[in-house]
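J.: Please read through the structure below; I'll follow up with questions.
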2 protein chains.
Amino acid sequence: MDIQSVLLGFLMRSSMTGYDLKKAFSISFAFFSGLSYGSIYPALKRLENQGLVTKQVEIQDGAPNRKIYTITEAGRKAFLKSLRSPLPPMQPKNAFLMRLFFFSHLAPKDRKSVAMKHLWTVKQMQAQLESVQPAVAAHADRFQYLCFEFGLRFLNDLVRNLSQVIDALEEGPPETEP
Amino acid sequence: MDIQSVLLGFLMRSSMTGYDLKKAFSISFAFFSGLSYGSIYPALKRLENQGLVTKQVEIQDGAPNRKIYTITEAGRKAFLKSLRSPLPPMQPKNAFLMRLFFFSHLAPKDRKSVAMKHLWTVKQMQAQLESVQPAVAAHADRFQYLCFEFGLRFLNDLVRNLSQVIDALEEGPPETEP
DNA sequence: TCGATCATGTAATTGGTTACATGATTGC
DNA sequence: GCAATCATGTAACCAATTACATGATCGA
């Protein structure tokens with residue numbers, strides 16, 4: 001799902017500014033993605049050119065004028081179409097696996113160190129996601145909560161998987177000690 | 001791990017051409033990444049400029065001259081350094097979760113359809129990875145085999161996780177039928 | 001008084017992909 | 001005769017990030 005469709009998805013519920021959209025996105029997708037203004041504002045411009053959203057300008061004094069974007073009928077149609085369209089083939093990129101692939105070039109203690117550090121960061125993510133549970137439970141709809149639970153299970157599985165790798169690392173042929 | 005380090009990683013074992021490197025990479029990393037000539041050749045040029053590899057040209061008649069790249073001492077050092085360097089914070093991007101997040105806008109049967117199709121593609125990947133097992137067992141070193149096993153478990157877990165999402169989809173409040 | 005929040009946007013840069021351009025050899 | 005393999009490289013393009021630019025208001 002491209003950025004334009006995501007923005008349309010949020011605008012399905014209510015009209016918003018680019019700034020609001022960034023916040024909504026950060027809260028909801030913090031775990032599995034990210035978005036910056038440098039991509040949001042141009043995307044909104046494109047959506048407007050394509051007639052998928054309309055813009056109302058609210059004049060402000062101190063700050064820049066707020067530009068509130070509202071989804072159009074065409075926008076709703078486009079969003080629903082993209083929501084049903086086939087998912088692109090996924091490639092689970094994994095920086096840690098790249099390292100592991102070349103571990104033969106590393107001393108045993110370095111291998112363990114790299115792997116353990118990675119496991120630790122994953123556990124950090126896990127803790128962080130768990131800590132958000134009350135907020136999610138309060139605001140998410142049924143499907144958004146399913147996303148959250150998917151994330152929890154995903155990280156749980158990842159921790160188990162990495163732990164097995166680390167175990168296998170330990171079991172390795174005992175290297176000659178000095 | 002950036003592209004340059006990966007190329008150095010392969011060159012640690014033996015000298016190769018850009019063409020060979022692409023093949024080596026495709027075989028080893030097909031599951032979790034991809035690389036094209038459009039990034040390999042420029043990367044080799046950068047590595048050469050930085051003195052991390054040297055180039056020997058083998059004159060050929062029909063085809064373009066083969067350019068065999070060999071890693072230097074500086075290259076080995078750089079590779080080992082990058083292998084031990086901290087992993088960048090990972091973000092498990094997931095196109096399916098984006099969809100799921102907005103599922104409330106979809107009819108129940110469309111939800112199930114999208115989710116089932118995704119599950120099917122993941123199962124395809126799983127089957128494909130399993131089919132490569134003999135080749136991997138024959139050529140991979142200990143750590144490369146660990147990568148392979150990680151991949152198998154990863155896909156297995158993903159299938160379980162998605163199945164649970166699909167189950168929850170079915171359990172949903174019965175919508176009024178026409 | 002300092003940082004956060006509100007609010008917009010552009011320019012430079014990154015890190016890739018896809019398509020284009022070339023052309024001989026080998027196996028089916 | 002046609003597809004695949006060998007072998008290099010560039011140019012156009014794409015989607016995104018980061019840094020830059022601006023500036024008021026409000027709470028600790």
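Ordering of the structure tokens sets the chain letters (A, B, ...); residue numbers start at 1 within each chain; ligands are numbered from 1 in the order shown.
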Applying 12 Å and only C-alpha atoms (C1' of nucleotides), which residues near Met90 in chain B remain after dropping the ones on its own chain fewer than 4 positions away? List them as JSON, numbers by chain.
T.: {"A": [30, 31, 32, 33, 34, 92, 93, 94, 95, 96, 97, 118, 119, 121, 122, 124, 125, 155], "B": [1, 86]}
J.: Give me, as a VMD selection string, all polymer residues having an atom no more than 12 Å from Ser113 in chain B, counting only C-alpha atoms (C1' of nucleotides) and skipping those fewer than 6 positions away in the same chain.
T.: (chain A and resid 83 to 87) or (chain B and resid 99 to 100 103 106 to 107 119 to 120 166 169 to 170)
J.: Range 16-26 of chain C: which residues within 8 Å, counting only C-alpha atoms (C1' of nucleotides), same-chain residues fewer than 2 positions away excluded, as JSON, numbers by chain?
T.: {"B": [36, 38, 39, 62, 63], "D": [14]}
J.: Can you list every residue in range 20-165 of chain A that DSSP puts in strand (DSSP E), as a list in words?
T.: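 Filtering range 20-165 of chain A down to strand (DSSP E) leaves Val53, Thr54, Lys55, Gln56, Val57, Glu58, Arg66, Lys67, Ile68, Tyr69, Thr70 and Ile71 of chain A.
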J.: Go ahead and write the selection's residues with C-alpha atoms as a PDB file, in the first residue's frame.
T.:
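Saved result, again19.pdb, follows:
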ATOM      1  CA  VAL A  53      -9.169  15.081  -1.817  1.00  0.00           C
ATOM      2  CA  THR A  54     -10.252  18.707  -1.490  1.00  0.00           C
ATOM      3  CA  LYS A  55      -8.533  21.376   0.577  1.00  0.00           C
ATOM      4  CA  GLN A  56     -10.024  24.036   2.840  1.00  0.00           C
ATOM      5  CA  VAL A  57      -7.661  26.713   4.090  1.00  0.00           C
ATOM      6  CA  GLU A  58      -8.126  28.016   7.598  1.00  0.00           C
ATOM      7  CA  ARG A  66      -3.993  25.165   8.361  1.00  0.00           C
ATOM      8  CA  LYS A  67      -4.924  23.208   5.261  1.00  0.00           C
ATOM      9  CA  ILE A  68      -7.634  20.743   6.023  1.00  0.00           C
ATOM     10  CA  TYR A  69      -7.950  17.910   3.566  1.00  0.00           C
ATOM     11  CA  THR A  70     -11.237  16.118   2.940  1.00  0.00           C
ATOM     12  CA  ILE A  71     -11.646  12.938   0.938  1.00  0.00           C
TER      13      ILE A  71
END
J.: For chain D, list the residues within 9 Å of chain B, counting only C-alpha atoms (C1' of nucleotides), and write the list as JSON, numbers by chain.
T.: {"D": [6, 7, 8, 9, 10]}
J.: Can I get the selected residues back with C-alpha atoms (C1' of nucleotides), as a compact mmCIF listing (two decimals), in the first residue's frame?
T.:
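Result file follows (result.txt):
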# COMPACT_ATOMS: atom_id res chain seq x y z
C1' DC D 6 27.96 -14.95 -20.12
C1' DA D 7 29.36 -9.96 -19.23
C1' DT D 8 29.55 -5.03 -18.88
C1' DG D 9 27.75 -0.58 -18.02
C1' DT D 10 24.74 3.90 -18.17
J.: For a quick check of understanding, using only C-alpha atoms, which of A:Phe10, A:Phe25, A:Phe79, A:Phe101 has the smallest distance to chain B?
T.: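 Closest candidate: A:Phe101.
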J.: With only C-alpha atoms as the atoms that count, which of A:Ala24, A:Phe154, A:Gln4, A:Val159 lies nearest to chain B?
T.: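 Counting only C-alpha atoms, the residue closest to chain B is A:Phe154.
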J.: Report, in Å to a single decimal, how far apart CA of Ala140 in chain A and CA of Leu21 in chain A are.
T.: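 Taking CA of Leu21 in chain A as the start and CA of Ala140 in chain A as the end point, the length is 16.2 Å.
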J.: At what distance in Å, to one decimal, does CA of Ala43 in chain A lie from CA of Leu146 in chain A?
T.: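 Atom-to-atom, CA of Leu146 in chain A and CA of Ala43 in chain A are spaced 27.8 Å apart.
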J.: Among range 6-132 of chain B, which residues does DSSP mark as helix (DSSP H, G or I) when it is run on the backbone? Keep the chain and numbering as in the structure and answer as number ranges by chain.
T.: B: 6-11, 18-29, 37-49, 73-84, 95-101, 103-105, 108-131
J.: Between A:Met12, A:Lys112, A:Ile27, A:Lys77, which is the closest to Val132 in chain A once you count only C-alpha atoms?
T.: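 So, comparing all the options, the nearest one is A:Ile27.
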